[in-house]
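What follows is one structure encoded as structure tokens, with my remarks underneath.
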Amino acid sequence: MKFLPIALAGYLLLALELALRPMLALGSTGIAPHFVIILVAFIAMNGQGLFIYGVALVMGLLIDVTAARAAPGAGATFAMFGPHAIGYVAAAYLVVTMRGFLLRRSPLAIPFLSVVAAAMAVIVSSALLMVRSWFDADWTAALGSRLGAGMASALYTALPALVLSPLLRRLQSVMGLDDGGSRRFGR
């Protein structure tokens with residue numbers, strides 16, 4: 001796997017997430033598609049080794065850095081390292097586990113895995129924030145709405161994944177990722 005093309009793709013998708021996510025949000029519900037998780041799912045589906053989890057960890061840390069949270073009871077915002085990073089690594093692990101059951105060349109494989117990965121990332125990050133809420137009671141009220149909006153956002157992620165899937169497939173050899181053609185039945 002080639003680091004530079006993957007880093008460039010991650011940078012571009014992070015920029016898309018920061019620029020388009022607020023514009024594509026459904027009102028004030030917080031439901032908006034995730035763009036970076038599409039790349040994480042794509043690399044987990046076609047990559048090899050521990051590099052998959054390194055990419056997922058770095059992408060999750062970048063999402064943690066850019067997702068400013070409001071401090072309960074105060075007007076300040078802060079970045080909390082960990083919830084998305086661990087959630088993205090868990091999502092990559094889930095995709096690696098599931099990729100043996102899917103036809104990699106199917107046009108619906110990446111959108112399906114993107115939805116599953118986004119849902120796993122939301123569940124893990126919400127669980128970590130729930131543990132955080134045990135130490136600060138002001139966080140408890142927001143967790144239920146965060147989990148609901150996160151699951152709806154995971155479903156919404158299928159739409160940009162349908163658009164980005166052919167582009168990522170064309171860049172697969174540039175990224176140095178396995179095309180799945182050497183394996184039996186193309187899985």
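Following the order of the structure tokens, first chain is A, next is B, and so on, with residues numbered from 1 inside each chain and ligands from 1 in the order they appear.
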
Could you pull out the strand (DSSP E or B) residues of chain A from DSSP and send them as an MDAnalysis selection string? chainID A and resid 69:70 77:78

Export, as a PDB file, in the first residue's frame, the selected residues with N, CA and C atoms.
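again_0.pdb written:
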```pdb
ATOM      1  N   ARG A  69     -16.328  19.877  20.527  1.00  0.00           N
ATOM      2  CA  ARG A  69     -17.480  19.598  21.388  1.00  0.00           C
ATOM      3  C   ARG A  69     -17.680  20.765  22.355  1.00  0.00           C
ATOM      4  N   ALA A  70     -18.933  21.036  22.644  1.00  0.00           N
ATOM      5  CA  ALA A  70     -19.234  22.085  23.624  1.00  0.00           C
ATOM      6  C   ALA A  70     -19.104  21.497  25.017  1.00  0.00           C
ATOM      7  N   THR A  77     -15.463  25.384  23.777  1.00  0.00           N
ATOM      8  CA  THR A  77     -15.439  24.116  23.046  1.00  0.00           C
ATOM      9  C   THR A  77     -14.052  23.499  23.182  1.00  0.00           C
ATOM     10  N   PHE A  78     -13.978  22.183  23.011  1.00  0.00           N
ATOM     11  CA  PHE A  78     -12.699  21.497  23.121  1.00  0.00           C
ATOM     12  C   PHE A  78     -12.721  20.265  22.214  1.00  0.00           C
TER      13      PHE A  78
END
```

What are the closest atom pairs, with distances in Å to one decimal, for all residues of stretch 46-163 of chain A lying within 9 Å of stretch 6-14 of chain A? Consider only C-alpha atoms, order rows by chain and residue number, and present the result as CSV.
```
residue,atom,partner,partner_atom,distance
A:Val55,CA,A:Ile6,CA,8.5
A:Met59,CA,A:Gly10,CA,7.3
A:Leu62,CA,A:Leu14,CA,8.0
A:Ile63,CA,A:Leu14,CA,7.9
```

Export of prior selection with N, CA and C atoms as a PDB file, in the first residue's frame:
```pdb
ATOM      1  N   VAL A  55      -4.387   3.500   9.256  1.00  0.00           N
ATOM      2  CA  VAL A  55      -5.152   4.498   8.499  1.00  0.00           C
ATOM      3  C   VAL A  55      -6.435   4.841   9.251  1.00  0.00           C
ATOM      4  N   MET A  59      -7.324   8.566  10.629  1.00  0.00           N
ATOM      5  CA  MET A  59      -8.544   9.229  10.148  1.00  0.00           C
ATOM      6  C   MET A  59      -9.486   9.536  11.317  1.00  0.00           C
ATOM      7  N   LEU A  62      -8.139  12.503  13.169  1.00  0.00           N
ATOM      8  CA  LEU A  62      -8.417  13.744  12.443  1.00  0.00           C
ATOM      9  C   LEU A  62      -9.873  14.180  12.635  1.00  0.00           C
ATOM     10  N   ILE A  63     -10.784  13.234  12.658  1.00  0.00           N
ATOM     11  CA  ILE A  63     -12.190  13.567  12.917  1.00  0.00           C
ATOM     12  C   ILE A  63     -12.338  14.071  14.351  1.00  0.00           C
TER      13      ILE A  63
END
```

Stretch 79-96 of chain A: which residues within 7 Å, counting only C-alpha atoms, same-chain residues fewer than 5 positions away excluded, as a list of chain:residue names?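 Neighbouring residues, sequence-local ones excluded: A:Val40, A:Ala41, A:Ala44, A:Met45, A:Tyr53, A:Ala56, A:Leu57, A:Gly60, A:Leu61, A:Ile63, A:Asp64, A:Val65, A:Ala67, A:Ala68, A:Arg69, A:Leu113, A:Ala117, A:Met120, A:Ala121, A:Val122, A:Val124, A:Ser125, A:Leu128.
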
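Distance annotation: of A:Ser126, A:Thr29, A:Gln48, A:Ser114, the residue with the minimal separation from A:Ser165 is A:Ser114; atom set is only C-alpha atoms.
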
Would you mind telling me which residue in A:Met1, A:Leu129, A:Ala19, A:Ala118 lies nearest to A:Leu155 when using only C-alpha atoms? A:Ala118

Here is a test: counting only C-alpha atoms, which residue of A:Ile52, A:Met23, A:Ile110, A:Ile123 is nearest to A:Thr157? A:Ile110

A:Met130, A:Met151, A:Val115, A:Leu4 ranked by distance to A:Gly30, top pick (using only C-alpha atoms): A:Met151

Find, counting only C-alpha atoms, the residue in A:Leu103, A:Ala152, A:Leu18, A:Leu147 that gets nearest to A:Ile31.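 Of the candidates, the smallest distance to A:Ile31 is held by A:Ala152.
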
Using DSSP secondary structure from the backbone, list all alpha helix (DSSP H) positions within stretch 5-182 of chain A, as a ChimeraX atom specification. /A:5-24,36-46,51-66,83-98,109-133,140-156,158-170,172-175

Counting only C-alpha atoms, which of A:Arg146, A:His34, A:Lys2, A:Arg170 gets nearest to A:Ala15? A:His34

Quick one: pull the distance between atom CA of A:Val116 and atom CA of A:Phe101, Å, one decimal.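 Value for the atom CA of A:Val116-atom CA of A:Phe101 distance: 13.7 Å.
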
Report, in Å with one decimal, the straight-line distance from atom CA of A:Leu102 to atom CA of A:Ala161.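 Rounded to one decimal, the two atoms are 16.3 Å apart.
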